[in-house]
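As provided, target.csv (CSV, C-alpha atoms) reads as follows.
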```
chain,number,residue,atom,x,y,z
F,1,MET,CA,60.2,33.2,87.9
F,2,LYS,CA,61.5,34.7,91.1
F,3,LYS,CA,62.6,38.3,91.1
F,4,MET,CA,66.4,38.0,91.8
F,5,GLY,CA,68.9,37.3,89.1
F,6,PHE,CA,72.5,36.0,89.5
F,7,GLY,CA,74.6,38.8,87.9
F,8,MET,CA,77.9,37.2,86.8
F,9,MET,CA,79.9,40.4,86.4
F,10,ARG,CA,81.8,40.3,89.7
F,11,LEU,CA,82.5,36.6,90.3
F,12,PRO,CA,84.9,35.4,93.0
F,13,LEU,CA,88.6,35.3,91.9
F,14,LEU,CA,91.5,33.1,92.8
F,15,ASP,CA,93.8,36.1,92.0
F,16,LYS,CA,92.2,39.4,92.8
F,17,ASP,CA,94.3,41.2,90.1
F,18,ASP,CA,93.3,38.7,87.3
F,19,LEU,CA,89.8,39.0,86.1
F,20,LYS,CA,90.1,35.7,84.3
F,21,SER,CA,91.0,33.7,87.5
F,22,VAL,CA,87.4,32.9,88.3
F,23,ASP,CA,87.0,30.6,91.3
F,24,GLN,CA,84.9,28.0,89.5
F,25,GLU,CA,84.4,25.8,92.5
F,26,GLN,CA,82.9,28.6,94.5
F,27,VAL,CA,80.7,29.8,91.5
F,28,ASN,CA,79.3,26.2,91.3
F,29,LYS,CA,78.4,26.4,95.0
F,30,MET,CA,76.8,29.8,94.5
F,31,ALA,CA,74.8,28.5,91.5
F,32,ASP,CA,73.6,25.5,93.5
F,33,LYS,CA,72.4,27.7,96.4
F,34,PHE,CA,70.7,30.0,94.0
F,35,MET,CA,68.9,27.2,92.2
F,36,GLU,CA,68.0,25.3,95.4
F,37,ALA,CA,66.2,28.5,96.6
F,38,GLY,CA,64.1,28.5,93.4
F,39,PHE,CA,65.9,31.4,91.6
F,40,THR,CA,66.6,30.6,88.0
F,41,TYR,CA,67.8,33.8,86.1
F,42,PHE,CA,71.5,34.1,85.2
F,43,ASP,CA,72.9,37.2,83.6
F,44,THR,CA,76.3,37.3,81.8
F,45,ALA,CA,77.9,39.3,79.0
F,46,TYR,CA,80.6,38.9,76.3
F,47,PRO,CA,83.2,41.1,78.1
F,48,TYR,CA,82.6,40.1,81.7
F,49,HIS,CA,85.8,38.7,83.2
F,50,ASP,CA,87.4,39.0,79.9
F,51,GLY,CA,85.1,36.4,78.4
F,52,VAL,CA,85.4,33.9,81.2
F,53,SER,CA,82.0,34.7,82.8
F,54,GLU,CA,80.1,33.0,80.0
F,55,VAL,CA,82.3,29.9,80.3
F,56,ALA,CA,81.8,29.9,84.1
F,57,LEU,CA,78.1,30.0,83.6
F,58,ARG,CA,78.3,27.0,81.3
F,59,LYS,CA,80.3,25.0,83.8
F,60,ALA,CA,78.3,26.0,86.8
F,61,VAL,CA,74.8,25.7,85.3
F,62,VAL,CA,74.4,24.5,81.7
F,63,GLU,CA,76.6,21.4,82.3
F,64,ARG,CA,74.9,20.6,85.6
F,65,TYR,CA,71.2,21.3,85.3
F,66,PRO,CA,68.4,20.6,82.7
F,67,ARG,CA,68.1,23.4,80.1
F,68,ASP,CA,64.5,24.0,81.0
F,69,SER,CA,65.3,24.7,84.7
F,70,PHE,CA,67.0,28.1,84.2
F,71,GLN,CA,67.0,31.2,82.1
F,72,ILE,CA,70.2,32.8,80.6
F,73,ALA,CA,70.5,36.4,79.6
F,74,ASP,CA,73.5,37.4,77.5
F,75,LYS,CA,74.3,40.6,75.6
F,76,LEU,CA,75.6,41.8,72.2
F,77,PRO,CA,78.7,44.0,73.0
F,78,LEU,CA,77.8,47.1,70.9
F,79,PHE,CA,80.9,49.0,72.2
F,80,LEU,CA,83.2,46.4,70.6
F,81,ILE,CA,81.4,46.3,67.2
F,82,THR,CA,82.4,48.5,64.3
F,83,LYS,CA,81.3,46.4,61.3
F,84,GLU,CA,78.7,43.9,60.2
F,85,GLU,CA,81.2,41.0,59.8
F,86,GLN,CA,81.6,40.9,63.6
F,87,LEU,CA,78.0,40.1,64.5
F,88,GLU,CA,77.7,36.5,63.5
F,89,PRO,CA,81.1,35.4,64.9
F,90,ILE,CA,80.5,37.1,68.3
F,91,PHE,CA,76.9,35.6,68.6
F,92,SER,CA,78.1,32.2,67.7
F,93,GLU,CA,81.0,32.4,70.1
F,94,GLN,CA,78.6,33.4,72.9
F,95,LEU,CA,76.4,30.3,72.2
F,96,GLU,CA,79.5,28.1,72.3
F,97,ARG,CA,80.9,29.7,75.5
F,98,CYS,CA,77.6,29.3,77.2
F,99,GLY,CA,77.0,25.8,75.8
F,100,VAL,CA,73.5,26.5,74.6
F,101,GLU,CA,71.5,26.6,71.4
F,102,TYR,CA,69.5,29.7,72.4
F,103,PHE,CA,69.3,32.5,74.9
F,104,ASP,CA,66.2,33.1,76.9
F,105,TYR,CA,66.9,36.8,77.1
F,106,TYR,CA,69.3,38.7,74.8
F,107,LEU,CA,70.2,42.4,75.1
F,108,LEU,CA,71.8,45.0,73.0
F,109,HIS,CA,74.5,45.8,75.5
F,110,ASN,CA,74.6,49.5,76.7
F,111,ALA,CA,72.9,51.2,73.8
F,112,SER,CA,74.2,54.7,74.4
F,113,GLY,CA,76.3,57.5,72.9
F,114,PHE,CA,79.7,55.8,73.4
F,115,SER,CA,78.5,52.6,71.6
F,116,GLU,CA,76.8,54.2,68.6
F,117,ALA,CA,79.3,52.8,66.1
F,118,GLY,CA,78.0,49.4,67.0
F,119,PHE,CA,74.3,50.1,66.2
F,120,ILE,CA,74.0,53.1,64.0
F,121,GLY,CA,76.6,52.2,61.3
F,122,VAL,CA,75.9,48.5,61.9
F,123,ASN,CA,72.5,46.8,61.8
F,124,SER,CA,72.9,45.2,65.2
F,125,PHE,CA,69.2,45.6,66.1
F,126,GLU,CA,68.2,44.0,62.8
F,127,PHE,CA,70.7,41.2,63.4
F,128,ALA,CA,69.3,40.4,66.8
F,129,LEU,CA,65.7,40.4,65.6
F,130,LYS,CA,66.8,38.0,62.9
F,131,LYS,CA,68.2,35.7,65.6
F,132,LYS,CA,65.0,35.9,67.5
F,133,LYS,CA,63.0,34.8,64.4
F,134,GLU,CA,65.4,31.9,64.0
F,135,GLY,CA,64.6,30.8,67.6
F,136,LYS,CA,68.0,31.5,69.0
F,137,ILE,CA,66.7,34.4,71.1
F,138,LYS,CA,63.4,34.0,73.1
F,139,HIS,CA,63.1,37.6,74.4
F,140,LEU,CA,64.9,40.6,72.9
F,141,GLY,CA,65.7,43.8,74.8
F,142,LEU,CA,68.4,46.3,75.6
F,143,SER,CA,70.4,47.7,78.4
F,144,SER,CA,71.5,51.3,78.7
F,145,HIS,CA,73.4,53.7,80.9
F,146,ALA,CA,72.2,56.7,78.7
F,147,ASN,CA,70.0,59.4,79.9
F,148,ALA,CA,66.2,59.3,79.6
F,149,GLU,CA,66.0,61.4,76.4
F,150,TYR,CA,68.5,59.2,74.6
F,151,ILE,CA,66.7,56.0,75.7
F,152,GLU,CA,63.4,57.3,74.5
F,153,ASN,CA,64.8,58.0,71.1
F,154,ILE,CA,66.0,54.5,70.8
F,155,LEU,CA,62.7,53.0,71.9
F,156,LYS,CA,60.8,55.2,69.4
F,157,ASN,CA,62.9,53.7,66.6
F,158,HIS,CA,62.9,50.1,67.9
F,159,PRO,CA,59.4,49.0,69.0
F,160,GLU,CA,60.6,45.4,68.7
F,161,MET,CA,62.2,45.7,72.2
F,162,GLU,CA,60.4,43.6,74.8
F,163,PHE,CA,62.2,44.7,77.9
F,164,ILE,CA,64.9,47.1,79.2
F,165,GLN,CA,67.7,46.9,81.7
F,166,LEU,CA,68.5,50.0,83.7
F,167,GLN,CA,70.7,51.2,86.5
F,168,ILE,CA,68.3,51.8,89.3
F,169,ASN,CA,69.0,52.3,93.0
F,170,TYR,CA,67.8,54.7,95.7
F,171,LEU,CA,71.0,56.8,95.5
F,172,ASP,CA,70.7,57.3,91.7
F,173,TRP,CA,66.9,57.8,91.7
F,174,GLU,CA,67.1,61.6,91.6
F,175,ASN,CA,70.7,61.8,90.4
F,176,ASP,CA,71.0,64.3,87.5
F,177,ALA,CA,73.7,62.4,85.8
F,178,ILE,CA,72.2,58.9,86.0
F,179,GLU,CA,68.5,59.8,85.8
F,180,SER,CA,67.3,56.5,87.2
F,181,LYS,CA,63.8,57.7,87.9
F,182,LYS,CA,63.4,59.4,84.5
F,183,CYS,CA,64.7,56.4,82.6
F,184,TYR,CA,62.4,54.1,84.6
F,185,GLU,CA,59.5,56.4,83.6
F,186,VAL,CA,60.4,56.2,80.0
F,187,ALA,CA,60.3,52.4,80.2
F,188,LYS,CA,56.9,52.6,81.8
F,189,LYS,CA,55.7,54.9,79.1
F,190,TYR,CA,56.6,52.3,76.4
F,191,GLY,CA,55.2,49.5,78.5
F,192,LEU,CA,58.5,47.7,78.9
F,193,PRO,CA,59.2,45.4,81.9
F,194,VAL,CA,62.4,46.5,83.7
F,195,ILE,CA,65.5,44.6,84.8
F,196,VAL,CA,67.4,46.4,87.5
F,197,MET,CA,71.2,46.5,87.4
F,198,GLU,CA,73.4,48.0,90.1
F,199,PRO,CA,70.8,47.9,92.8
F,200,LEU,CA,73.6,48.2,95.4
F,201,LYS,CA,75.7,50.7,93.3
F,202,GLY,CA,78.8,48.5,93.2
F,203,GLY,CA,78.6,47.9,96.9
F,204,PHE,CA,78.2,51.5,98.0
F,205,LEU,CA,74.8,50.8,99.5
F,206,VAL,CA,76.1,47.8,101.5
F,207,ASN,CA,78.9,49.7,103.2
F,208,VAL,CA,77.1,53.0,103.9
F,209,PRO,CA,78.5,55.5,106.5
F,210,GLU,CA,78.0,54.5,110.1
F,211,GLU,CA,75.6,57.3,110.7
F,212,ALA,CA,73.3,56.1,107.9
F,213,GLU,CA,73.6,52.5,108.9
F,214,LYS,CA,72.5,53.3,112.4
F,215,ILE,CA,69.4,55.1,111.2
F,216,MET,CA,68.4,52.0,109.2
F,217,LYS,CA,69.1,49.5,112.0
F,218,ASP,CA,67.4,51.6,114.7
F,219,PHE,CA,64.2,51.6,112.6
F,220,ASN,CA,63.8,47.9,111.8
F,221,GLY,CA,67.0,46.1,112.6
F,222,GLU,CA,67.7,45.4,108.9
F,223,GLU,CA,71.1,45.8,107.2
F,224,PRO,CA,71.6,48.5,104.6
F,225,ILE,CA,71.7,45.8,101.8
F,226,SER,CA,68.2,44.8,102.7
F,227,TRP,CA,66.9,48.3,102.3
F,228,ALA,CA,68.6,48.7,98.9
F,229,LEU,CA,67.2,45.5,97.5
F,230,ARG,CA,63.7,46.0,98.9
F,231,TYR,CA,63.7,49.5,97.4
F,232,VAL,CA,64.2,48.5,93.8
F,233,SER,CA,62.2,45.3,94.1
F,234,SER,CA,59.2,47.3,95.2
F,235,LEU,CA,59.0,49.3,92.0
F,236,ASP,CA,56.1,48.6,89.7
F,237,ASP,CA,57.1,46.8,86.4
F,238,VAL,CA,60.4,45.6,87.8
F,239,PHE,CA,60.5,41.9,87.0
F,240,MET,CA,64.1,41.2,87.8
F,241,VAL,CA,66.8,42.6,90.1
F,242,LEU,CA,70.4,41.6,89.3
F,243,ASN,CA,72.8,41.0,92.2
F,244,GLY,CA,76.5,40.9,91.2
F,245,VAL,CA,77.5,38.7,94.1
F,246,SER,CA,81.2,37.8,94.6
F,247,SER,CA,81.1,35.1,97.2
F,248,LEU,CA,78.9,32.2,98.6
F,249,GLU,CA,78.3,34.3,101.7
F,250,GLN,CA,76.9,37.2,99.7
F,251,MET,CA,74.7,34.8,97.7
F,252,GLU,CA,73.2,33.3,100.9
F,253,GLN,CA,72.6,36.8,102.3
F,254,ASN,CA,70.8,38.0,99.1
F,255,ILE,CA,68.7,34.9,99.0
F,256,GLN,CA,67.5,35.4,102.5
F,257,ILE,CA,66.5,39.0,101.7
F,258,MET,CA,64.9,38.3,98.4
F,259,ASP,CA,63.1,35.0,99.1
F,260,ASN,CA,60.2,36.7,100.7
F,261,PHE,CA,60.9,40.4,100.7
F,262,GLU,CA,58.5,43.0,102.0
F,263,GLU,CA,57.8,46.1,99.9
F,264,ILE,CA,59.4,49.3,101.1
F,265,THR,CA,57.0,51.6,103.1
F,266,ASP,CA,56.5,55.3,102.8
F,267,GLU,CA,58.0,55.8,106.3
F,268,GLU,CA,61.1,53.8,105.1
F,269,LYS,CA,61.3,56.0,102.0
F,270,ASP,CA,61.6,59.0,104.3
F,271,ILE,CA,64.4,57.4,106.1
F,272,ILE,CA,66.1,56.5,102.8
F,273,SER,CA,66.0,60.2,101.9
F,274,LYS,CA,68.0,61.0,105.0
F,275,VAL,CA,70.4,58.2,104.2
F,276,ILE,CA,70.9,59.6,100.7
F,277,GLY,CA,71.9,63.0,102.2
F,278,ILE,CA,74.4,61.3,104.5
F,279,ILE,CA,76.0,59.2,101.7
F,280,ASN,CA,76.3,62.0,99.3
F,281,SER,CA,78.1,64.1,101.9
F,282,ASN,CA,80.7,61.3,102.4
F,283,ILE,CA,81.1,59.6,99.0
F,284,THR,CA,83.3,61.5,96.6
F,285,VAL,CA,83.3,59.3,93.5
F,286,HIS,CA,80.3,57.2,92.4
F,287,CYS,CA,82.3,54.4,90.8
F,288,THR,CA,80.5,51.1,90.7
F,289,LYS,CA,83.6,49.1,89.8
F,290,CYS,CA,82.1,47.9,86.5
F,291,ASN,CA,85.7,47.8,85.0
F,292,TYR,CA,84.6,49.1,81.6
F,293,CYS,CA,87.3,51.8,81.8
F,294,LEU,CA,90.2,49.4,82.3
F,295,SER,CA,90.7,48.3,78.7
F,296,SER,CA,90.8,51.9,77.4
F,297,CYS,CA,93.6,53.2,79.7
F,298,PRO,CA,96.9,53.3,77.9
F,299,LYS,CA,98.8,53.4,81.2
F,300,LYS,CA,96.9,50.4,82.6
F,301,ILE,CA,95.8,52.2,85.7
F,302,ASN,CA,93.4,50.1,87.9
F,303,ILE,CA,91.0,53.0,88.1
F,304,PRO,CA,88.2,51.3,90.2
F,305,LYS,CA,90.8,50.1,92.8
F,306,LEU,CA,92.2,53.6,93.2
F,307,PHE,CA,88.8,55.2,93.4
F,308,GLU,CA,87.7,52.6,96.1
F,309,TRP,CA,90.7,53.6,98.2
F,310,TYR,CA,90.0,57.3,97.6
F,311,ASN,CA,86.4,57.0,98.7
F,312,ASN,CA,87.4,55.0,101.8
F,313,GLN,CA,89.9,57.7,102.7
F,314,LYS,CA,87.3,60.5,102.3
F,315,ILE,CA,84.7,58.5,104.3
F,316,GLU,CA,87.2,58.1,107.2
F,317,ASN,CA,87.8,61.8,107.0
F,318,ILE,CA,91.2,61.5,108.7
F,319,GLU,CA,94.2,63.7,107.8
F,320,GLY,CA,97.6,62.1,107.7
F,321,PHE,CA,98.6,58.5,107.8
F,322,THR,CA,95.8,55.9,107.3
F,323,ALA,CA,95.7,52.2,106.5
F,324,VAL,CA,94.1,53.0,103.1
F,325,GLY,CA,96.9,55.4,102.3
F,326,ASN,CA,99.5,52.9,103.3
F,327,ALA,CA,97.9,50.3,101.0
F,328,TYR,CA,98.0,52.8,98.1
F,329,VAL,CA,101.7,53.4,98.6
F,330,ASN,CA,102.5,49.7,98.9
F,331,TYR,CA,100.5,49.0,95.8
F,332,SER,CA,102.6,51.5,93.8
F,333,LYS,CA,105.8,49.7,94.7
F,334,ILE,CA,104.6,46.3,93.4
F,335,GLY,CA,105.8,45.3,89.9
F,336,ASP,CA,104.4,47.5,87.1
F,337,ASN,CA,101.4,48.8,89.0
F,338,THR,CA,100.4,52.3,87.9
F,339,ILE,CA,98.8,54.9,90.0
F,340,ALA,CA,97.1,58.4,89.8
F,341,SER,CA,100.4,60.2,88.9
F,342,ASP,CA,100.7,58.0,85.8
F,343,CYS,CA,97.5,59.3,84.4
F,344,ILE,CA,98.1,61.3,81.2
F,345,SER,CA,94.5,62.8,81.1
F,346,CYS,CA,93.8,61.3,77.6
F,347,GLY,CA,90.1,61.0,78.5
F,348,LEU,CA,89.6,57.6,76.8
F,349,CYS,CA,88.3,56.2,80.0
F,350,VAL,CA,85.6,58.8,80.3
F,351,LYS,CA,83.9,57.6,77.1
F,352,GLU,CA,83.6,54.1,78.6
F,353,CYS,CA,82.3,55.2,82.0
F,354,PRO,CA,78.5,54.4,82.5
F,355,GLN,CA,78.6,56.8,85.5
F,356,HIS,CA,79.8,59.8,83.5
F,357,ILE,CA,82.7,60.4,85.9
F,358,ASP,CA,85.4,62.8,84.8
F,359,ILE,CA,88.1,60.3,85.7
F,360,PRO,CA,91.2,62.4,84.7
F,361,GLU,CA,90.0,65.2,86.9
F,362,ILE,CA,89.4,62.9,89.9
F,363,MET,CA,92.8,61.3,89.3
F,364,LYS,CA,94.3,64.7,90.2
F,365,ASP,CA,92.5,64.6,93.5
F,366,VAL,CA,93.6,61.0,94.1
F,367,LYS,CA,97.2,62.0,93.5
F,368,GLU,CA,96.9,65.0,95.9
F,369,THR,CA,95.2,62.9,98.5
F,370,PHE,CA,97.6,60.0,98.6
F,371,GLU,CA,100.9,60.9,96.9
F,372,ILE,CA,101.7,64.5,98.0
F,373,PRO,CA,100.3,65.8,101.3
F,374,LEU,CA,100.1,62.6,103.3
F,375,TYR,CA,103.4,61.1,102.5
F,376,GLY,CA,105.4,63.5,100.5
F,377,PHE,CA,105.4,60.6,98.1
F,378,THR,CA,105.4,60.4,94.3
F,379,LYS,CA,106.1,57.3,92.3
F,380,GLU,CA,108.9,59.0,90.4
```
Written as structure tokens, how would this file's structure read?
Amino acid sequence: MKKMGFGMMRLPLLDKDDLKSVDQEQVNKMADKFMEAGFTYFDTAYPYHDGVSEVALRKAVVERYPRDSFQIADKLPLFLITKEEQLEPIFSEQLERCGVEYFDYYLLHNASGFSEAGFIGVNSFEFALKKKKEGKIKHLGLSSHANAEYIENILKNHPEMEFIQLQINYLDWENDAIESKKCYEVAKKYGLPVIVMEPLKGGFLVNVPEEAEKIMKDFNGEEPISWALRYVSSLDDVFMVLNGVSSLEQMEQNIQIMDNFEEITDEEKDIISKVIGIINSNITVHCTKCNYCLSSCPKKINIPKLFEWYNNQKIENIEGFTAVGNAYVNYSKIGDNTIASDCISCGLCVKECPQHIDIPEIMKDVKETFEIPLYGFTKE
């Protein structure tokens, strides 16, 4: 099995503001390119695209290719589960959405502090193990955005886990909040193969500051995306790297990089250390646009969108009018769109954030950046 997986979390949309409006025709073409190049691992989850991701996978792959020609990974949404009675209906719905009788890989989705109600008060691990014994799961594992200590405690109590999915990229490797390296070392300690998620950190490592990009290209001519994918793919015990591609063009680019990638060298690691310093001095909010926060916000603020504009504004480092700021103001005037000044600092979003971002606090900065000093503008 080739090392790159098709992550179906950020599929192309017909309407950029509607997560359910998946461009199925383009997804089919992406799946075809993926399969033609010999890649066979597809990763989805119950909440991705508000449930449409699993259906898109069925239409693009299951209905068009022999079952033994691909592998499907799906996940039990621990953060949506509060009682035993939910387990069987959700699992059955996932099989139906995907159009399969079994999952090749099945994960307890983000086993961490904010999803504890779904696996401490509910026997979710036991349920998944039962499904494995029934033949409906071939390989059982978990994903997590928790810290290393928390993950180790889970693995101590659940030796039945066969693999683990972790957020790993060169920017988070030494990050004290994400602890990519420490989590990876825990996985190695327990002998678990690793699946890498967020290798590009939601696109941050594709669109790096110009200074960082120049250093990379001057060394070997390669684009920043190649450096990021090669970095995680070179780690021992990593058997799969998920790429959340959003277009056919991105798929083709990733295939070209991963088809016969060369391992990262020590000299290249030294360059990456310089790049990390440059990125950290420019990027303000490390949001990966996973969208987990959206469903928790009572004011329906599109938090990832606002953070993307905010980061772009900070990277440009321009005071006064900018195209990004103009886009922000225009967005605020459309329909019922809500912005930073609508935030009531309830903190519900923070519990959902895998990156541990203090979203309400950052929202204050977003408001000050776009709504007050630049334009004398407030929505009210």
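Excluding Val350 (chain F) itself and same-chain residues fewer than 5 positions from it, the residues having an atom within 8 Å of it are Cys293, His356, Ile357, Asp358, Ile359 and Pro360 of chain F, counting only C-alpha atoms.
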Write out, as a PDB file, keeping the file's coordinate frame, the residues just selected, with C-alpha atoms.
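So selection.pdb came out as:
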```
ATOM      1  CA  CYS F 293      87.300  51.800  81.800  1.00  0.00           C
ATOM      2  CA  HIS F 356      79.800  59.800  83.500  1.00  0.00           C
ATOM      3  CA  ILE F 357      82.700  60.400  85.900  1.00  0.00           C
ATOM      4  CA  ASP F 358      85.400  62.800  84.800  1.00  0.00           C
ATOM      5  CA  ILE F 359      88.100  60.300  85.700  1.00  0.00           C
ATOM      6  CA  PRO F 360      91.200  62.400  84.700  1.00  0.00           C
TER       7      PRO F 360
END
```
Per-residue nearest contacts region 38-89 of chain F to region 2-9 of chain F, cut-off 9 Å, using all atoms listed in the file, as CSV:
```
residue,atom,partner,partner_atom,distance
F:Gly38,CA,F:Lys2,CA,7.1
F:Phe39,CA,F:Lys2,CA,5.5
F:Thr40,CA,F:Gly5,CA,7.2
F:Tyr41,CA,F:Gly5,CA,4.7
F:Phe42,CA,F:Phe6,CA,4.8
F:Asp43,CA,F:Gly7,CA,4.9
F:Thr44,CA,F:Met8,CA,5.3
F:Ala45,CA,F:Met9,CA,7.7
F:Pro47,CA,F:Met9,CA,9.0
F:Tyr48,CA,F:Met9,CA,5.4
F:His49,CA,F:Met9,CA,6.9
F:Ser53,CA,F:Met8,CA,6.2
F:Glu54,CA,F:Met8,CA,8.3
F:Ala56,CA,F:Met8,CA,8.7
F:Leu57,CA,F:Met8,CA,7.9
```
Atoms to include: C-alpha atoms. Write the selected residues as a CSV table (one decimal), in the frame of the given file.
```csv
chain,number,residue,atom,x,y,z
F,38,GLY,CA,64.1,28.5,93.4
F,39,PHE,CA,65.9,31.4,91.6
F,40,THR,CA,66.6,30.6,88.0
F,41,TYR,CA,67.8,33.8,86.1
F,42,PHE,CA,71.5,34.1,85.2
F,43,ASP,CA,72.9,37.2,83.6
F,44,THR,CA,76.3,37.3,81.8
F,45,ALA,CA,77.9,39.3,79.0
F,47,PRO,CA,83.2,41.1,78.1
F,48,TYR,CA,82.6,40.1,81.7
F,49,HIS,CA,85.8,38.7,83.2
F,53,SER,CA,82.0,34.7,82.8
F,54,GLU,CA,80.1,33.0,80.0
F,56,ALA,CA,81.8,29.9,84.1
F,57,LEU,CA,78.1,30.0,83.6
```
### Query
Which is closest to Leu200 (chain F) among F:Asn220, F:Thr288, F:Asn175, F:Asn110, if we use all atoms listed in the file?
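Ranking F:Asn220, F:Thr288, F:Asn175, F:Asn110 by distance to Leu200 (chain F), first place goes to F:Thr288.
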### Query
Quick one, how far is CA of Leu78 (chain F) from CA of Gly118 (chain F)?
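Atom-to-atom, CA of Leu78 (chain F) to CA of Gly118 (chain F), that is 4.5 Å.
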### All residues 12 Å or closer to Glu96 (chain F), only C-alpha atoms, same chain fewer than 4 positions away omitted, as a ChimeraX atom specification
/F:46,51,54-55,57-59,62,89-92,100-103
### Query
Counting only C-alpha atoms, what is within 9 Å of Glu198 (chain F), bar same-chain residues fewer than 4 positions away, as a ChimeraX atom specification?
/F:166-169,202-203,241-244,288
### Query
How many Å lie between CA of Glu252 (chain F) and CA of Ala37 (chain F), rounded to one decimal?
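The value is 9.5 Å.
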